[in-house]
Amino acid sequence: MPTDPAHDQPGGTAGIGSRPFVIRLGQVVVGNALMGVAVGMLVTAALGLLPLDVFHRAVGERCGWTIGGAIIAVQSALLVANLALRVKPGIGTVASVVIPAVVADLTLTVLPAPQAVWLRMTAMLLGGAMFAVGTALYLSAELGALPRDGLMAAIALRTNWSQARIRIGADVGCLLAGVLMINPAVAVANGSLGAGSVLLAVALGPSIASLVPLFTHHPHRSARVRGET
């Protein structure tokens, strides 16, 4: 399995040459910013985080860092692992280490934690939707894999395991490690682990997969379709 993320994107590299670099870079910046806002909203909703963010939060609490600081530390470690496995990072890879972390901390600074259950559920659903859109924008730019995705691609290449199998193992491992670091009772009490964790884990993958093609512009294909109709 190739380690170049462009080979793993819908439509491969067919749309890259047709999209100006500045547009793709804009997708990376906006996508990462949306992911950061989403993480902040999910934290304030306190109904459950994604497995990797449970781990991020646990690392932050253990080290006395904000969740943004923990994201930078963990993602930097994953980036180093990518380099060790000869996975070539892109400008988007580096941006994904910093931008979501900074934006998540800023969001938590200005966004009050909702108290009413319906407001918390709304924050969770909006956060999940923003995370899906942000990730799809980032991936469709094809400017480098997320550090975790690059690592999973490298592992898949060396083991012949499917990336889906590796992803499930990584999610379970991050969730268990994070919950154990925080303490299971505390993880539930502070909203790191909850019903939202299950909903997000189930819904985000298909949502992101359906959104990526919408942000990947293929003008030649579109022209063909218009000509045929």
# chains A, B, ... in the order shown; residues from 1 in each chain; ligands from 1

$ closest_atom_pairs --of "segment 23-78 of chain A" --to "segment 94-109 of chain A" --cutoff "12 Å" --atoms "only C-alpha atoms" --output "Markdown table"
| residue | atom | partner | partner_atom | distance |
| --- | --- | --- | --- | --- |
| A:Leu25 | CA | A:Ala95 | CA | 9.8 |
| A:Gly26 | CA | A:Ala95 | CA | 11.3 |
| A:Gln27 | CA | A:Ala95 | CA | 11.2 |
| A:Val28 | CA | A:Ala95 | CA | 7.5 |
| A:Val29 | CA | A:Ala95 | CA | 7.4 |
| A:Val30 | CA | A:Ile99 | CA | 9.4 |
| A:Gly31 | CA | A:Pro100 | CA | 8.9 |
| A:Asn32 | CA | A:Pro100 | CA | 5.3 |
| A:Ala33 | CA | A:Pro100 | CA | 5.5 |
| A:Leu34 | CA | A:Pro100 | CA | 7.6 |
| A:Met35 | CA | A:Pro100 | CA | 5.8 |
| A:Gly36 | CA | A:Pro100 | CA | 3.8 |
| A:Val37 | CA | A:Ala104 | CA | 5.3 |
| A:Ala38 | CA | A:Ala104 | CA | 7.5 |
| A:Val39 | CA | A:Ala104 | CA | 5.8 |
| A:Gly40 | CA | A:Ala104 | CA | 4.8 |
| A:Met41 | CA | A:Thr107 | CA | 7.5 |
| A:Leu42 | CA | A:Ala104 | CA | 9.9 |
| A:Val43 | CA | A:Leu108 | CA | 8.0 |
| A:Thr44 | CA | A:Leu108 | CA | 7.3 |
| A:Ala45 | CA | A:Leu108 | CA | 10.9 |
| A:Asp53 | CA | A:Ala101 | CA | 10.9 |
| A:His56 | CA | A:Ala101 | CA | 10.2 |
| A:Arg57 | CA | A:Ala101 | CA | 11.5 |
| A:Gly60 | CA | A:Ala101 | CA | 11.7 |
| A:Trp65 | CA | A:Asp105 | CA | 10.5 |
| A:Thr66 | CA | A:Asp105 | CA | 7.0 |
| A:Ile67 | CA | A:Asp105 | CA | 6.9 |
| A:Gly68 | CA | A:Ala101 | CA | 3.9 |
| A:Gly69 | CA | A:Ala101 | CA | 6.6 |
| A:Ala70 | CA | A:Ala101 | CA | 8.0 |
| A:Ile71 | CA | A:Ala101 | CA | 5.7 |
| A:Ile72 | CA | A:Val97 | CA | 5.5 |
| A:Ala73 | CA | A:Val97 | CA | 8.5 |
| A:Val74 | CA | A:Val97 | CA | 8.7 |
| A:Gln75 | CA | A:Val97 | CA | 5.6 |
| A:Ser76 | CA | A:Val97 | CA | 6.5 |
| A:Ala77 | CA | A:Val97 | CA | 9.9 |
| A:Leu78 | CA | A:Val97 | CA | 9.4 |

$ write_last_selection --atoms "N, CA and C atoms" --output "compact mmCIF listing (two decimals), in the first residue's frame"
# COMPACT_ATOMS: atom_id res chain seq x y z
N LEU A 25 -3.85 25.11 -0.45
CA LEU A 25 -3.30 25.56 0.83
C LEU A 25 -4.41 26.17 1.69
N GLY A 26 -5.31 26.91 1.05
CA GLY A 26 -6.44 27.46 1.78
C GLY A 26 -7.31 26.38 2.38
N GLN A 27 -7.50 25.27 1.64
CA GLN A 27 -8.27 24.14 2.17
C GLN A 27 -7.60 23.57 3.42
N VAL A 28 -6.26 23.50 3.37
CA VAL A 28 -5.53 22.97 4.53
C VAL A 28 -5.73 23.87 5.75
N VAL A 29 -5.59 25.18 5.56
CA VAL A 29 -5.71 26.12 6.68
C VAL A 29 -7.13 26.10 7.23
N VAL A 30 -8.12 26.23 6.36
CA VAL A 30 -9.52 26.26 6.81
C VAL A 30 -9.91 24.92 7.42
N GLY A 31 -9.51 23.83 6.78
CA GLY A 31 -9.84 22.51 7.30
C GLY A 31 -9.27 22.27 8.69
N ASN A 32 -8.00 22.62 8.86
CA ASN A 32 -7.38 22.44 10.18
C ASN A 32 -8.00 23.34 11.23
N ALA A 33 -8.35 24.57 10.83
CA ALA A 33 -9.00 25.48 11.78
C ALA A 33 -10.35 24.93 12.21
N LEU A 34 -11.11 24.40 11.26
CA LEU A 34 -12.41 23.80 11.60
C LEU A 34 -12.23 22.62 12.55
N MET A 35 -11.20 21.82 12.32
CA MET A 35 -10.95 20.69 13.22
C MET A 35 -10.64 21.19 14.63
N GLY A 36 -9.88 22.27 14.72
CA GLY A 36 -9.55 22.83 16.03
C GLY A 36 -10.78 23.35 16.75
N VAL A 37 -11.63 24.09 16.03
CA VAL A 37 -12.88 24.57 16.64
C VAL A 37 -13.73 23.39 17.09
N ALA A 38 -13.78 22.36 16.26
CA ALA A 38 -14.58 21.18 16.59
C ALA A 38 -14.10 20.51 17.87
N VAL A 39 -12.79 20.38 18.02
CA VAL A 39 -12.25 19.78 19.25
C VAL A 39 -12.66 20.60 20.46
N GLY A 40 -12.54 21.93 20.35
CA GLY A 40 -12.96 22.79 21.45
C GLY A 40 -14.43 22.63 21.78
N MET A 41 -15.28 22.55 20.76
CA MET A 41 -16.71 22.39 20.99
C MET A 41 -17.03 21.04 21.64
N LEU A 42 -16.33 20.01 21.21
CA LEU A 42 -16.57 18.68 21.78
C LEU A 42 -16.13 18.62 23.25
N VAL A 43 -15.05 19.30 23.56
CA VAL A 43 -14.61 19.36 24.95
C VAL A 43 -15.64 20.07 25.81
N THR A 44 -16.17 21.20 25.32
CA THR A 44 -17.15 21.95 26.11
C THR A 44 -18.48 21.20 26.21
N ALA A 45 -18.81 20.42 25.18
CA ALA A 45 -20.06 19.65 25.22
C ALA A 45 -20.02 18.58 26.31
N ASP A 53 -8.43 12.17 20.76
CA ASP A 53 -8.55 13.35 21.62
C ASP A 53 -8.70 12.99 23.09
N HIS A 56 -5.14 12.73 23.83
CA HIS A 56 -4.57 14.07 23.92
C HIS A 56 -4.90 14.72 25.26
N ARG A 57 -6.16 14.62 25.65
CA ARG A 57 -6.58 15.26 26.90
C ARG A 57 -5.90 14.61 28.09
N GLY A 60 -2.39 15.84 28.29
CA GLY A 60 -2.40 17.22 28.76
C GLY A 60 -2.59 17.31 30.26
N TRP A 65 -0.58 20.44 30.67
CA TRP A 65 -0.68 21.21 29.44
C TRP A 65 -2.15 21.42 29.07
N THR A 66 -2.40 22.38 28.22
CA THR A 66 -3.72 22.51 27.60
C THR A 66 -3.88 21.36 26.61
N ILE A 67 -5.11 21.15 26.16
CA ILE A 67 -5.30 20.10 25.16
C ILE A 67 -4.56 20.44 23.87
N GLY A 68 -4.44 21.74 23.57
CA GLY A 68 -3.67 22.15 22.39
C GLY A 68 -2.20 21.80 22.53
N GLY A 69 -1.65 22.04 23.70
CA GLY A 69 -0.26 21.67 23.93
C GLY A 69 -0.05 20.18 23.80
N ALA A 70 -1.00 19.40 24.29
CA ALA A 70 -0.90 17.94 24.19
C ALA A 70 -1.01 17.49 22.74
N ILE A 71 -1.89 18.14 21.97
CA ILE A 71 -2.02 17.79 20.55
C ILE A 71 -0.70 18.01 19.84
N ILE A 72 -0.05 19.15 20.09
CA ILE A 72 1.23 19.43 19.44
C ILE A 72 2.28 18.39 19.84
N ALA A 73 2.32 18.04 21.13
CA ALA A 73 3.32 17.07 21.60
C ALA A 73 3.09 15.69 20.99
N VAL A 74 1.86 15.21 21.03
CA VAL A 74 1.56 13.87 20.52
C VAL A 74 1.73 13.81 19.01
N GLN A 75 1.20 14.81 18.31
CA GLN A 75 1.30 14.81 16.85
C GLN A 75 2.74 14.99 16.38
N SER A 76 3.53 15.74 17.14
CA SER A 76 4.95 15.88 16.79
C SER A 76 5.67 14.54 16.93
N ALA A 77 5.31 13.79 17.98
CA ALA A 77 5.90 12.46 18.15
C ALA A 77 5.51 11.54 17.00
N LEU A 78 4.25 11.63 16.56
CA LEU A 78 3.81 10.82 15.43
C LEU A 78 4.52 11.25 14.15

$ residues_around --residues "Val54 of chain A" --least-positions-apart "2" --cutoff "10 Å" --atoms "only C-alpha atoms" --output "tab-separated table (two decimals) with C-alpha atoms, in the first residue's frame"
chain	number	residue	atom	x	y	z
A	43	VAL	CA	-14.61	19.36	24.95
A	48	GLY	CA	-17.48	12.26	24.72
A	49	LEU	CA	-14.39	12.85	22.57
A	50	LEU	CA	-12.81	10.99	19.70
A	51	PRO	CA	-10.35	8.29	20.83
A	52	LEU	CA	-7.24	10.25	19.85
A	56	HIS	CA	-4.57	14.07	23.92
A	57	ARG	CA	-6.58	15.26	26.90
A	58	ALA	CA	-5.09	12.59	29.15
A	59	VAL	CA	-1.55	13.56	28.16
A	60	GLY	CA	-2.40	17.22	28.76
A	67	ILE	CA	-5.30	20.10	25.16
A	171	ASP	CA	-8.52	3.96	18.09
A	174	CYS	CA	-5.76	5.49	22.20
A	175	LEU	CA	-9.11	5.27	23.95
A	176	LEU	CA	-7.95	2.70	26.50
A	177	ALA	CA	-4.67	4.48	27.15
A	178	GLY	CA	-6.39	7.82	27.59
A	179	VAL	CA	-9.12	6.50	29.87
A	181	MET	CA	-4.36	7.68	32.28
A	182	ILE	CA	-7.24	9.89	33.35
A	187	ALA	CA	-13.02	10.28	32.14
A	191	GLY	CA	-16.91	14.25	29.48
A	192	SER	CA	-13.88	12.67	27.80
A	193	LEU	CA	-15.75	9.38	27.53
A	197	SER	CA	-17.57	8.99	21.69

$ atom_distance --atom1 "atom CA of Val202 of chain A" --atom2 "atom CA of Ile168 of chain A"
11.2 Å

$ residues_around --residues "Leu214 of chain A" --least-positions-apart "6" --cutoff "10 Å" --atoms "only C-alpha atoms" --output "compact mmCIF listing (two decimals) with C-alpha atoms, in the first residue's frame"
# COMPACT_ATOMS: atom_id res chain seq x y z
CA ALA A 136 -12.55 16.38 4.30
CA LEU A 137 -11.26 19.82 3.28
CA SER A 140 -9.01 16.77 -0.50

$ select_by_dssp --residues "segment 103-174 of chain A" --states "helix (DSSP H, G or I)" --output "count of residues only"
58

$ atom_distance --atom1 "atom CA of Ser207 of chain A" --atom2 "atom CA of Asn82 of chain A"
26.2 Å
